[in-house]
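Shown next: run-v7.cif, containing mmCIF, C-alpha atoms and all ligand atoms; chains and numbers go by the auth columns.
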```
data_coords
#
loop_
_atom_site.group_PDB
_atom_site.id
_atom_site.type_symbol
_atom_site.label_atom_id
_atom_site.label_comp_id
_atom_site.label_asym_id
_atom_site.label_seq_id
_atom_site.Cartn_x
_atom_site.Cartn_y
_atom_site.Cartn_z
_atom_site.B_iso_or_equiv
_atom_site.auth_seq_id
_atom_site.auth_asym_id
ATOM 1 C CA MET A 1 100.893 71.086 87.086 0.00 1 A
ATOM 2 C CA ALA A 2 97.994 71.768 89.427 0.00 2 A
ATOM 3 C CA ARG A 3 96.141 75.036 89.149 0.00 3 A
ATOM 4 C CA LEU A 4 96.411 77.595 91.942 0.00 4 A
ATOM 5 C CA TRP A 5 94.021 80.503 92.445 0.00 5 A
ATOM 6 C CA ALA A 6 93.417 82.830 95.369 0.00 6 A
ATOM 7 C CA VAL A 7 90.137 83.948 96.947 0.00 7 A
ATOM 8 C CA VAL A 8 90.557 87.360 98.593 0.00 8 A
ATOM 9 C CA PRO A 9 87.472 88.295 100.656 0.00 9 A
ATOM 10 C CA ALA A 10 86.902 92.063 100.569 0.00 10 A
ATOM 11 C CA ALA A 11 83.205 92.378 101.371 0.00 11 A
ATOM 12 C CA GLY A 12 83.646 93.582 104.966 0.00 12 A
ATOM 13 C CA ARG A 13 82.598 97.000 106.209 0.00 13 A
ATOM 14 C CA GLY A 14 85.558 97.636 108.513 0.00 14 A
ATOM 15 C CA THR A 15 83.430 98.627 111.499 0.00 15 A
ATOM 16 C CA ARG A 16 86.335 98.479 113.960 0.00 16 A
ATOM 17 C CA PHE A 17 88.410 100.688 111.686 0.00 17 A
ATOM 18 C CA GLY A 18 85.627 103.258 111.252 0.00 18 A
ATOM 19 C CA GLY A 19 85.362 105.926 108.571 0.00 19 A
ATOM 20 C CA GLU A 20 83.408 106.166 105.329 0.00 20 A
ATOM 21 C CA LEU A 21 85.663 104.275 102.937 0.00 21 A
ATOM 22 C CA PRO A 22 86.058 100.558 103.825 0.00 22 A
ATOM 23 C CA LYS A 23 89.632 99.905 104.985 0.00 23 A
ATOM 24 C CA GLN A 24 90.467 97.621 102.028 0.00 24 A
ATOM 25 C CA TYR A 25 90.193 100.650 99.721 0.00 25 A
ATOM 26 C CA LEU A 26 92.165 103.193 101.746 0.00 26 A
ATOM 27 C CA PRO A 27 95.092 104.557 99.728 0.00 27 A
ATOM 28 C CA VAL A 28 98.632 103.613 100.732 0.00 28 A
ATOM 29 C CA GLU A 29 101.421 104.951 98.559 0.00 29 A
ATOM 30 C CA GLY A 30 98.893 105.834 95.892 0.00 30 A
ATOM 31 C CA ALA A 31 97.199 102.446 95.626 0.00 31 A
ATOM 32 C CA PRO A 32 94.217 101.008 97.520 0.00 32 A
ATOM 33 C CA LEU A 33 95.175 98.622 100.306 0.00 33 A
ATOM 34 C CA ILE A 34 93.793 95.627 98.412 0.00 34 A
ATOM 35 C CA ALA A 35 96.163 96.338 95.510 0.00 35 A
ATOM 36 C CA HIS A 36 99.076 95.697 97.885 0.00 36 A
ATOM 37 C CA THR A 37 97.399 92.490 99.071 0.00 37 A
ATOM 38 C CA LEU A 38 96.884 91.202 95.525 0.00 38 A
ATOM 39 C CA ALA A 39 100.436 92.197 94.560 0.00 39 A
ATOM 40 C CA ALA A 40 101.802 90.169 97.494 0.00 40 A
ATOM 41 C CA LEU A 41 99.917 87.072 96.273 0.00 41 A
ATOM 42 C CA PHE A 42 100.727 87.600 92.612 0.00 42 A
ATOM 43 C CA ALA A 43 104.426 87.946 93.484 0.00 43 A
ATOM 44 C CA HIS A 44 104.455 84.142 93.592 0.00 44 A
ATOM 45 C CA ASP A 45 104.692 82.627 90.105 0.00 45 A
ATOM 46 C CA ALA A 46 102.366 79.743 91.001 0.00 46 A
ATOM 47 C CA VAL A 47 99.423 82.032 91.805 0.00 47 A
ATOM 48 C CA GLU A 48 97.480 82.342 88.563 0.00 48 A
ATOM 49 C CA GLY A 49 94.659 84.703 89.432 0.00 49 A
ATOM 50 C CA ALA A 50 92.299 85.895 92.151 0.00 50 A
ATOM 51 C CA VAL A 51 88.581 86.017 92.858 0.00 51 A
ATOM 52 C CA VAL A 52 87.587 88.992 95.014 0.00 52 A
ATOM 53 C CA PRO A 53 84.208 88.855 96.805 0.00 53 A
ATOM 54 C CA VAL A 54 83.050 92.458 97.321 0.00 54 A
ATOM 55 C CA SER A 55 79.857 93.809 98.842 0.00 55 A
ATOM 56 C CA GLU A 56 76.785 94.262 96.690 0.00 56 A
ATOM 57 C CA ASN A 57 76.801 97.555 94.751 0.00 57 A
ATOM 58 C CA ASP A 58 80.318 98.276 95.989 0.00 58 A
ATOM 59 C CA ALA A 59 81.083 101.637 94.365 0.00 59 A
ATOM 60 C CA ASP A 60 84.627 101.674 95.777 0.00 60 A
ATOM 61 C CA TRP A 61 85.860 98.422 94.220 0.00 61 A
ATOM 62 C CA PRO A 62 88.307 99.542 91.475 0.00 62 A
ATOM 63 C CA ARG A 63 86.843 97.044 88.982 0.00 63 A
ATOM 64 C CA TRP A 64 90.163 95.619 87.954 0.00 64 A
ATOM 65 C CA THR A 65 90.023 92.710 85.555 0.00 65 A
ATOM 66 C CA GLU A 66 93.732 92.028 85.836 0.00 66 A
ATOM 67 C CA LEU A 67 96.764 93.082 87.851 0.00 67 A
ATOM 68 C CA ALA A 68 100.406 92.245 87.178 0.00 68 A
ATOM 69 C CA GLY A 69 99.164 90.397 84.089 0.00 69 A
ATOM 70 C CA LYS A 70 97.021 88.012 86.141 0.00 70 A
ATOM 71 C CA PRO A 71 93.207 87.814 85.997 0.00 71 A
ATOM 72 C CA VAL A 72 91.130 89.358 88.793 0.00 72 A
ATOM 73 C CA LEU A 73 87.463 88.321 88.966 0.00 73 A
ATOM 74 C CA ALA A 74 85.022 90.044 91.292 0.00 74 A
ATOM 75 C CA CYS A 75 81.900 88.443 92.733 0.00 75 A
ATOM 76 C CA VAL A 76 79.294 89.445 95.301 0.00 76 A
ATOM 77 C CA GLY A 77 80.276 88.440 98.856 0.00 77 A
ATOM 78 C CA GLY A 78 78.009 87.691 101.796 0.00 78 A
ATOM 79 C CA ALA A 79 77.010 88.884 105.260 0.00 79 A
ATOM 80 C CA SER A 80 79.818 86.933 106.959 0.00 80 A
ATOM 81 C CA ARG A 81 83.427 86.302 106.028 0.00 81 A
ATOM 82 C CA ALA A 82 82.610 82.609 105.514 0.00 82 A
ATOM 83 C CA ALA A 83 79.722 83.484 103.178 0.00 83 A
ATOM 84 C CA SER A 84 82.029 85.743 101.182 0.00 84 A
ATOM 85 C CA VAL A 85 84.677 83.030 100.855 0.00 85 A
ATOM 86 C CA LEU A 86 82.032 80.508 99.807 0.00 86 A
ATOM 87 C CA ALA A 87 80.813 82.916 97.115 0.00 87 A
ATOM 88 C CA GLY A 88 84.412 83.298 95.966 0.00 88 A
ATOM 89 C CA LEU A 89 84.899 79.529 95.739 0.00 89 A
ATOM 90 C CA HIS A 90 81.785 79.260 93.574 0.00 90 A
ATOM 91 C CA ALA A 91 83.064 82.052 91.310 0.00 91 A
ATOM 92 C CA LEU A 92 86.398 80.369 90.567 0.00 92 A
ATOM 93 C CA PRO A 93 86.926 79.470 86.911 0.00 93 A
ATOM 94 C CA ASP A 94 85.437 76.104 85.959 0.00 94 A
ATOM 95 C CA ASP A 95 88.825 74.675 85.068 0.00 95 A
ATOM 96 C CA VAL A 96 90.007 74.978 88.684 0.00 96 A
ATOM 97 C CA ARG A 97 89.448 71.352 89.615 0.00 97 A
ATOM 98 C CA PRO A 98 87.731 70.059 92.783 0.00 98 A
ATOM 99 C CA ASP A 99 91.031 68.782 94.211 0.00 99 A
ATOM 100 C CA ASP A 100 93.111 71.824 93.238 0.00 100 A
ATOM 101 C CA PHE A 101 94.369 73.907 96.166 0.00 101 A
ATOM 102 C CA VAL A 102 92.984 77.409 96.668 0.00 102 A
ATOM 103 C CA LEU A 103 94.599 80.155 98.765 0.00 103 A
ATOM 104 C CA VAL A 104 92.188 82.194 100.898 0.00 104 A
ATOM 105 C CA HIS A 105 93.727 85.475 102.005 0.00 105 A
ATOM 106 C CA ASP A 106 92.182 88.507 103.755 0.00 106 A
ATOM 107 C CA ALA A 107 92.088 91.664 101.643 0.00 107 A
ATOM 108 C CA ALA A 108 93.014 93.401 104.894 0.00 108 A
ATOM 109 C CA ARG A 109 96.390 91.573 105.171 0.00 109 A
ATOM 110 C CA PRO A 110 98.602 93.463 102.699 0.00 110 A
ATOM 111 C CA ASN A 111 101.987 92.768 104.267 0.00 111 A
ATOM 112 C CA LEU A 112 102.352 89.069 103.345 0.00 112 A
ATOM 113 C CA SER A 113 105.949 88.262 102.388 0.00 113 A
ATOM 114 C CA LEU A 114 106.940 86.124 99.429 0.00 114 A
ATOM 115 C CA ALA A 115 109.001 83.984 101.815 0.00 115 A
ATOM 116 C CA ASP A 116 105.954 83.157 103.952 0.00 116 A
ATOM 117 C CA LEU A 117 103.785 82.464 100.917 0.00 117 A
ATOM 118 C CA THR A 118 106.473 80.184 99.483 0.00 118 A
ATOM 119 C CA GLN A 119 106.756 78.291 102.786 0.00 119 A
ATOM 120 C CA LEU A 120 102.984 77.850 103.021 0.00 120 A
ATOM 121 C CA LEU A 121 102.774 76.510 99.485 0.00 121 A
ATOM 122 C CA GLU A 122 105.727 74.146 99.887 0.00 122 A
ATOM 123 C CA ARG A 123 104.486 72.668 103.160 0.00 123 A
ATOM 124 C CA GLY A 124 100.754 72.888 102.482 0.00 124 A
ATOM 125 C CA ARG A 125 100.730 71.292 99.048 0.00 125 A
ATOM 126 C CA ASN A 126 102.478 68.280 100.529 0.00 126 A
ATOM 127 C CA ASP A 127 99.865 67.902 103.243 0.00 127 A
ATOM 128 C CA PRO A 128 96.772 65.793 102.524 0.00 128 A
ATOM 129 C CA VAL A 129 94.471 68.444 104.039 0.00 129 A
ATOM 130 C CA GLY A 130 96.254 71.776 103.610 0.00 130 A
ATOM 131 C CA ALA A 131 97.844 74.394 105.832 0.00 131 A
ATOM 132 C CA ILE A 132 97.589 77.881 107.289 0.00 132 A
ATOM 133 C CA LEU A 133 100.114 80.553 108.228 0.00 133 A
ATOM 134 C CA ALA A 134 100.103 81.141 111.981 0.00 134 A
ATOM 135 C CA ALA A 135 102.320 82.258 114.844 0.00 135 A
ATOM 136 C CA PRO A 136 102.714 80.872 118.371 0.00 136 A
ATOM 137 C CA VAL A 137 101.266 82.960 121.208 0.00 137 A
ATOM 138 C CA ARG A 138 104.125 84.730 123.042 0.00 138 A
ATOM 139 C CA ASP A 139 102.277 86.831 125.625 0.00 139 A
ATOM 140 C CA THR A 140 100.902 85.521 128.907 0.00 140 A
ATOM 141 C CA LEU A 141 97.166 84.926 128.579 0.00 141 A
ATOM 142 C CA LYS A 142 94.707 86.217 131.180 0.00 142 A
ATOM 143 C CA ARG A 143 91.049 85.312 131.523 0.00 143 A
ATOM 144 C CA ALA A 144 89.028 88.372 132.548 0.00 144 A
ATOM 145 C CA GLY A 145 86.137 88.366 134.986 0.00 145 A
ATOM 146 C CA ASP A 146 82.987 90.456 134.528 0.00 146 A
ATOM 147 C CA ASP A 147 84.519 93.286 136.570 0.00 147 A
ATOM 148 C CA GLY A 148 87.660 93.441 134.410 0.00 148 A
ATOM 149 C CA GLY A 149 89.734 91.747 137.105 0.00 149 A
ATOM 150 C CA ILE A 150 91.857 88.683 136.301 0.00 150 A
ATOM 151 C CA ASP A 151 90.121 85.388 137.014 0.00 151 A
ATOM 152 C CA ALA A 152 92.950 83.145 135.844 0.00 152 A
ATOM 153 C CA THR A 153 96.152 82.777 133.858 0.00 153 A
ATOM 154 C CA GLU A 154 95.672 80.414 130.925 0.00 154 A
ATOM 155 C CA PRO A 155 98.451 78.174 129.662 0.00 155 A
ATOM 156 C CA ARG A 156 99.718 79.373 126.301 0.00 156 A
ATOM 157 C CA GLU A 157 101.607 76.214 125.356 0.00 157 A
ATOM 158 C CA ARG A 158 100.509 74.951 121.951 0.00 158 A
ATOM 159 C CA LEU A 159 98.350 78.010 121.302 0.00 159 A
ATOM 160 C CA TRP A 160 98.760 79.684 117.924 0.00 160 A
ATOM 161 C CA ARG A 161 97.268 82.741 116.263 0.00 161 A
ATOM 162 C CA ALA A 162 95.751 81.945 112.889 0.00 162 A
ATOM 163 C CA PHE A 163 96.703 84.183 109.953 0.00 163 A
ATOM 164 C CA THR A 164 95.973 83.930 106.272 0.00 164 A
ATOM 165 C CA PRO A 165 96.647 82.753 103.586 0.00 165 A
ATOM 166 C CA GLN A 166 94.982 79.431 104.300 0.00 166 A
ATOM 167 C CA LEU A 167 95.447 76.706 101.716 0.00 167 A
ATOM 168 C CA PHE A 168 92.799 74.049 101.094 0.00 168 A
ATOM 169 C CA ARG A 169 91.379 72.026 98.246 0.00 169 A
ATOM 170 C CA ARG A 170 88.519 73.684 96.401 0.00 170 A
ATOM 171 C CA LEU A 171 85.836 71.049 96.935 0.00 171 A
ATOM 172 C CA GLN A 172 86.787 70.057 100.503 0.00 172 A
ATOM 173 C CA LEU A 173 86.757 73.689 101.602 0.00 173 A
ATOM 174 C CA THR A 174 83.469 74.367 99.828 0.00 174 A
ATOM 175 C CA ARG A 175 81.859 71.372 101.546 0.00 175 A
ATOM 176 C CA ALA A 176 83.295 72.356 104.934 0.00 176 A
ATOM 177 C CA LEU A 177 82.011 75.946 104.708 0.00 177 A
ATOM 178 C CA GLU A 178 78.612 74.760 103.485 0.00 178 A
ATOM 179 C CA SER A 179 78.368 72.355 106.396 0.00 179 A
ATOM 180 C CA ALA A 180 79.194 75.111 108.912 0.00 180 A
ATOM 181 C CA THR A 181 76.519 77.302 107.325 0.00 181 A
ATOM 182 C CA THR A 182 73.932 74.508 107.432 0.00 182 A
ATOM 183 C CA ASP A 183 74.749 73.835 111.088 0.00 183 A
ATOM 184 C CA GLY A 184 74.513 77.537 111.948 0.00 184 A
ATOM 185 C CA VAL A 185 78.130 77.637 113.167 0.00 185 A
ATOM 186 C CA GLU A 186 79.985 80.887 112.509 0.00 186 A
ATOM 187 C CA VAL A 187 83.513 79.881 111.539 0.00 187 A
ATOM 188 C CA THR A 188 86.076 82.674 111.786 0.00 188 A
ATOM 189 C CA ASP A 189 88.579 81.091 109.444 0.00 189 A
ATOM 190 C CA GLU A 190 88.708 78.323 106.829 0.00 190 A
ATOM 191 C CA ALA A 191 90.729 75.979 109.065 0.00 191 A
ATOM 192 C CA MET A 192 87.919 76.012 111.648 0.00 192 A
ATOM 193 C CA ALA A 193 85.488 74.806 109.000 0.00 193 A
ATOM 194 C CA MET A 194 87.914 72.018 108.038 0.00 194 A
ATOM 195 C CA GLU A 195 88.472 71.054 111.709 0.00 195 A
ATOM 196 C CA ARG A 196 84.709 70.618 112.119 0.00 196 A
ATOM 197 C CA GLN A 197 84.973 67.930 109.425 0.00 197 A
ATOM 198 C CA GLY A 198 87.516 66.038 111.522 0.00 198 A
ATOM 199 C CA LEU A 199 90.411 67.214 109.360 0.00 199 A
ATOM 200 C CA ARG A 200 93.703 68.507 110.779 0.00 200 A
ATOM 201 C CA PRO A 201 95.286 71.334 108.767 0.00 201 A
ATOM 202 C CA LEU A 202 98.994 71.952 109.218 0.00 202 A
ATOM 203 C CA LEU A 203 100.286 75.021 111.082 0.00 203 A
ATOM 204 C CA VAL A 204 103.077 76.769 109.181 0.00 204 A
ATOM 205 C CA GLU A 205 104.879 79.391 111.248 0.00 205 A
ATOM 206 C CA GLY A 206 104.773 82.769 109.553 0.00 206 A
ATOM 207 C CA SER A 207 106.072 86.240 110.272 0.00 207 A
ATOM 208 C CA GLU A 208 104.358 88.623 112.698 0.00 208 A
ATOM 209 C CA SER A 209 104.620 91.253 109.996 0.00 209 A
ATOM 210 C CA ASN A 210 101.709 89.535 108.189 0.00 210 A
ATOM 211 C CA PHE A 211 99.284 91.411 110.445 0.00 211 A
ATOM 212 C CA LYS A 212 95.680 92.264 109.640 0.00 212 A
ATOM 213 C CA ILE A 213 94.642 95.878 109.278 0.00 213 A
ATOM 214 C CA THR A 214 91.938 96.250 111.925 0.00 214 A
ATOM 215 C CA THR A 215 92.443 99.789 113.311 0.00 215 A
ATOM 216 C CA PRO A 216 94.020 103.023 112.024 0.00 216 A
ATOM 217 C CA ALA A 217 97.173 102.207 114.034 0.00 217 A
ATOM 218 C CA ASP A 218 97.603 99.037 111.927 0.00 218 A
ATOM 219 C CA LEU A 219 97.338 101.078 108.744 0.00 219 A
ATOM 220 C CA ALA A 220 99.997 103.496 109.996 0.00 220 A
ATOM 221 C CA ARG A 221 102.251 100.513 110.729 0.00 221 A
ATOM 222 C CA PHE A 222 101.759 99.134 107.224 0.00 222 A
ATOM 223 C CA ALA A 223 102.460 102.525 105.620 0.00 223 A
ATOM 224 C CA TYR A 224 105.636 102.752 107.700 0.00 224 A
ATOM 225 C CA GLU A 225 106.824 99.243 106.799 0.00 225 A
ATOM 226 C CA LEU A 226 106.104 99.846 103.123 0.00 226 A
ATOM 227 C CA ALA A 227 108.113 103.076 103.197 0.00 227 A
ATOM 228 C CA GLN A 228 111.023 101.204 104.852 0.00 228 A
ATOM 229 C CA ARG A 229 110.855 98.568 102.134 0.00 229 A
ATOM 230 C CA HIS A 230 111.115 101.226 99.432 0.00 230 A
ATOM 231 C CA ARG A 231 113.914 103.241 100.982 0.00 231 A
HETATM 232 N N1 LIG B . 85.077 90.073 104.918 0.00 301 A
HETATM 233 C C1 LIG B . 84.253 89.703 103.849 0.00 301 A
HETATM 234 N N2 LIG B . 82.901 89.589 104.025 0.00 301 A
HETATM 235 C C2 LIG B . 82.346 89.845 105.231 0.00 301 A
HETATM 236 C C3 LIG B . 83.170 90.204 106.327 0.00 301 A
HETATM 237 C C4 LIG B . 84.546 90.305 106.140 0.00 301 A
HETATM 238 O O1 LIG B . 84.739 89.485 102.736 0.00 301 A
HETATM 239 N N3 LIG B . 81.026 89.748 105.342 0.00 301 A
HETATM 240 C C5 LIG B . 86.528 90.248 104.672 0.00 301 A
HETATM 241 C C6 LIG B . 87.022 91.645 105.010 0.00 301 A
HETATM 242 O O2 LIG B . 86.795 92.518 103.907 0.00 301 A
HETATM 243 C C7 LIG B . 88.490 91.414 105.313 0.00 301 A
HETATM 244 C C8 LIG B . 88.535 89.973 105.825 0.00 301 A
HETATM 245 O O3 LIG B . 87.262 89.391 105.527 0.00 301 A
HETATM 246 O O4 LIG B . 89.313 91.501 104.167 0.00 301 A
HETATM 247 C C9 LIG B . 88.839 89.918 107.303 0.00 301 A
HETATM 248 O O5 LIG B . 87.776 90.502 108.026 0.00 301 A
HETATM 249 P P1 LIG B . 87.914 91.723 109.045 0.00 301 A
HETATM 250 O O6 LIG B . 89.322 92.120 109.238 0.00 301 A
HETATM 251 O O7 LIG B . 87.084 91.393 110.242 0.00 301 A
HETATM 252 O O8 LIG B . 87.239 92.940 108.195 0.00 301 A
HETATM 253 P P2 LIG B . 85.841 93.605 108.427 0.00 301 A
HETATM 254 O O9 LIG B . 84.823 92.568 108.745 0.00 301 A
HETATM 255 O O10 LIG B . 85.604 94.495 107.271 0.00 301 A
HETATM 256 O O11 LIG B . 86.124 94.527 109.709 0.00 301 A
HETATM 257 P P3 LIG B . 85.256 94.606 111.051 0.00 301 A
HETATM 258 O O12 LIG B . 85.178 93.206 111.603 0.00 301 A
HETATM 259 O O13 LIG B . 86.009 95.558 111.931 0.00 301 A
HETATM 260 O O14 LIG B . 83.908 95.141 110.643 0.00 301 A
HETATM 261 MG MG MG B . 84.963 91.348 110.532 0.00 302 A
#
```
For the file at hand, write its structure as structure tokens.
Ligand code: CTP
Ligand code: MG
Amino acid sequence: MARLWAVVPAAGRGTRFGGELPKQYLPVEGAPLIAHTLAALFAHDAVEGAVVPVSENDADWPRWTELAGKPVLACVGGASRAASVLAGLHALPDDVRPDDFVLVHDAARPNLSLADLTQLLERGRNDPVGAILAAPVRDTLKRAGDDGGIDATEPRERLWRAFTPQLFRRLQLTRALESATTDGVEVTDEAMAMERQGLRPLLVEGSESNFKITTPADLARFAYELAQRHR
């Protein structure tokens, strides 16, 4: 059976969220946000362990070495999300093979459901390239002018919002992120790095509840949904 590890980038500063403590460490129901994220990944039997890129001298990282009986390895992340993920890929155990799939999942996305993760793994591991969770755009899209007025309405057909986890093979993803770095292209997700290589990752429709915590309102929503789950 192929190995399956997760890389969970957590080296961001959370500038849009604000505050002293980076958002991935804010307590929700007595545990830091990232504990909920790791628990959501580890809920799937196939996920063996996680590498967590954190910022250098990160005093807030809880220094776990395992959670739910699965190994957690920390490494030093980078100045961009892509650099952090690349550091995480390098820090994977040596016995994770070049063609083994790796899940990359934002530390700031704690509300991933087991159903979505299962879907992604079932569809993605049968795809030659890999897959990402995503959702079709439902709102009407407007292009703004410099004055804040509407210049145009953009067609939303075939437009999707990219979520994580994103599932790719260890070596292919490493090469793709390295190439983006070399070319000076800032990729905002792993799929974008793969697309630059001429590869076409699969879109797997996931739930809107797998939102990213960006602002305090998002955190309030997660706390609410978690409380509902535990009622
Ligand atoms: N991330 C990372 N390394 C970076 C930047 C981001 O590991 N240099 C991680 C964040 O910790 C987060 C995920 O990538 O788990 C998604 O990034 P985002 O939501 O943008 O978090 P931040 O970059 O921390 O927030 P902001 O952009 O508001 O500063
Ligand atoms: Mg960011």
- Could you give me, as a PyMOL selection string, the residues that sit within 12 Å of (102.6, 94.1, 92.1) in the file's coordinates, counting only C-alpha atoms? chain A and resi 31+33-45+66-70+110+114
Padding 3 Å on each side, edges along x, y and z: where is the centre of the box around the listed atoms of range 205-223 of chain A, and how long are its edges in Å to one decimal? Output it as JSON.
```
{"center_x": 99.0, "center_y": 91.4, "center_z": 109.8, "size_x": 20.1, "size_y": 30.1, "size_z": 14.4}
```
- Task: Just say which residues the PyMOL selection byres (((not hetatm)) within 12 of (chain A and resi 302)) picks in this file, as a ChimeraX atom specification.
- Result: /A:9-18,22-24,78-84,106-108,186-189,212-215
Convert the output of the PyMOL selection byres (((chain A and resi 28) around 10) and not hetatm) on the shown file into explicit residues, formatted as a PDB file with C-alpha atoms, keeping the file's coordinate frame.
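Ended up saving to selection.pdb:
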```pdb
ATOM      1  CA  TYR A  25      90.193 100.650  99.721  1.00  0.00           C
ATOM      2  CA  LEU A  26      92.165 103.193 101.746  1.00  0.00           C
ATOM      3  CA  PRO A  27      95.092 104.557  99.728  1.00  0.00           C
ATOM      4  CA  GLU A  29     101.421 104.951  98.559  1.00  0.00           C
ATOM      5  CA  GLY A  30      98.893 105.834  95.892  1.00  0.00           C
ATOM      6  CA  ALA A  31      97.199 102.446  95.626  1.00  0.00           C
ATOM      7  CA  PRO A  32      94.217 101.008  97.520  1.00  0.00           C
ATOM      8  CA  LEU A  33      95.175  98.622 100.306  1.00  0.00           C
ATOM      9  CA  ILE A  34      93.793  95.627  98.412  1.00  0.00           C
ATOM     10  CA  ALA A  35      96.163  96.338  95.510  1.00  0.00           C
ATOM     11  CA  HIS A  36      99.076  95.697  97.885  1.00  0.00           C
ATOM     12  CA  LEU A 219      97.338 101.078 108.744  1.00  0.00           C
ATOM     13  CA  ALA A 220      99.997 103.496 109.996  1.00  0.00           C
ATOM     14  CA  PHE A 222     101.759  99.134 107.224  1.00  0.00           C
ATOM     15  CA  ALA A 223     102.460 102.525 105.620  1.00  0.00           C
ATOM     16  CA  TYR A 224     105.636 102.752 107.700  1.00  0.00           C
ATOM     17  CA  LEU A 226     106.104  99.846 103.123  1.00  0.00           C
ATOM     18  CA  ALA A 227     108.113 103.076 103.197  1.00  0.00           C
TER      19      ALA A 227
END
```
- Item | Proximity to ligand LIG 301 (chain A) - best of A:Leu177, A:Phe211, A:Val96, A:Leu203, only C-alpha atoms and all ligand atoms |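 Counting only C-alpha atoms and all ligand atoms, the residue closest to ligand LIG 301 (chain A) is A:Phe211.
Coordinates place CA of Thr65 in chain A at a distance of 23.3 Å from atom P2 of ligand LIG 301 (chain A).
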- Query: Just so the selection is clear, what residues does the PyMOL selection byres (((chain A and resi 171) around 9) and not hetatm) cover here, as an NGL selection string?
  - Reply: :A and (89 or 97-100 or 168-170 or 172-176)
Output C-alpha atoms for every residue in that selection, as a compact mmCIF listing (two decimals), keeping the file's coordinate frame.
```txt
# COMPACT_ATOMS: atom_id res chain seq x y z
CA LEU A 89 84.90 79.53 95.74
CA ARG A 97 89.45 71.35 89.62
CA PRO A 98 87.73 70.06 92.78
CA ASP A 99 91.03 68.78 94.21
CA ASP A 100 93.11 71.82 93.24
CA PHE A 168 92.80 74.05 101.09
CA ARG A 169 91.38 72.03 98.25
CA ARG A 170 88.52 73.68 96.40
CA GLN A 172 86.79 70.06 100.50
CA LEU A 173 86.76 73.69 101.60
CA THR A 174 83.47 74.37 99.83
CA ARG A 175 81.86 71.37 101.55
CA ALA A 176 83.30 72.36 104.93
```
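Coordinates place CA of Val185 in chain A at a distance of 25.4 Å from CA of Asp146 in chain A.
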- Restricting the calculation to all atoms listed in the file, which member of A:Ala144, A:Leu117, A:Ala87, A:Ala6 is positioned closest to Leu103 in chain A?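 Checking each candidate against Leu103 in chain A, we get A:Ala6 as the closest.
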- Have a look at CA of Lys142 in chain A and CA of Trp160 in chain A and let me know their distance in Å, one decimal. 15.3 Å
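Proximity to ligand LIG 301 (chain A) was assessed for A:Gly206, A:Pro93, A:Pro216, A:Pro71 counting only C-alpha atoms and all ligand atoms; the smallest distance is recorded for A:Pro216.
With all atoms listed in the file as the basis for measurement, A:Arg109 is the residue among A:Arg109, A:Arg196, A:Arg63, A:Arg3 that approaches ligand LIG 301 (chain A) most closely.
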- Query: Using all atoms listed in the file, which residue out of A:Leu199, A:Ala2, A:Ala74, A:Ala152 lies closest to ligand LIG 301 (chain A)?
  - Reply: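 When distances to ligand LIG 301 (chain A) are compared using all atoms listed in the file, the smallest one comes from A:Ala74.
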- Message: Taking only C-alpha atoms and all ligand atoms into account, name the residue in A:Arg158, A:Arg125, A:His105, A:Arg221 that is nearest to ligand LIG 301 (chain A).
- Response: A:His105
- Message: If we count only C-alpha atoms and set the cut-off at 6 Å, which residues sit around Val7 in chain A, ignoring sequence neighbours fewer than 3 positions away in its own chain? Please answer as a PyMOL selection string.
- Response: chain A and resi 50-52+88+104
- Which protein, DNA or RNA residues have an atom at most 9 Å from (95.6, 82.1, 134.4), counting all atoms listed in the file? List them as a list in words. Thr140, Leu141, Lys142, Arg143, Ile150, Asp151, Ala152, Thr153, Glu154 and Pro155 of chain A
Please, can range 51-57 of chain A be completed to N, CA, C and O atoms and returned as a compact mmCIF listing (two decimals), keeping the file's coordinate frame?
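New file part_12.txt:
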```txt
# COMPACT_ATOMS: atom_id res chain seq x y z
N VAL A 51 89.99 85.64 92.79
CA VAL A 51 88.58 86.02 92.86
C VAL A 51 88.41 86.90 94.08
O VAL A 51 88.88 86.55 95.17
N VAL A 52 87.77 88.04 93.92
CA VAL A 52 87.59 88.99 95.01
C VAL A 52 86.09 89.19 95.31
O VAL A 52 85.39 89.88 94.54
N PRO A 53 85.58 88.58 96.40
CA PRO A 53 84.21 88.86 96.80
C PRO A 53 84.13 90.27 97.39
O PRO A 53 84.88 90.61 98.30
N VAL A 54 83.24 91.09 96.83
CA VAL A 54 83.05 92.46 97.32
C VAL A 54 81.58 92.62 97.71
O VAL A 54 80.75 91.79 97.34
N SER A 55 81.25 93.67 98.43
CA SER A 55 79.86 93.81 98.84
C SER A 55 79.00 94.24 97.65
O SER A 55 79.51 94.78 96.67
N GLU A 56 77.70 93.98 97.79
CA GLU A 56 76.78 94.26 96.69
C GLU A 56 76.78 95.77 96.40
O GLU A 56 76.79 96.58 97.33
N ASN A 57 76.78 96.14 95.15
CA ASN A 57 76.80 97.56 94.75
C ASN A 57 77.97 98.31 95.37
O ASN A 57 77.82 99.43 95.84
```
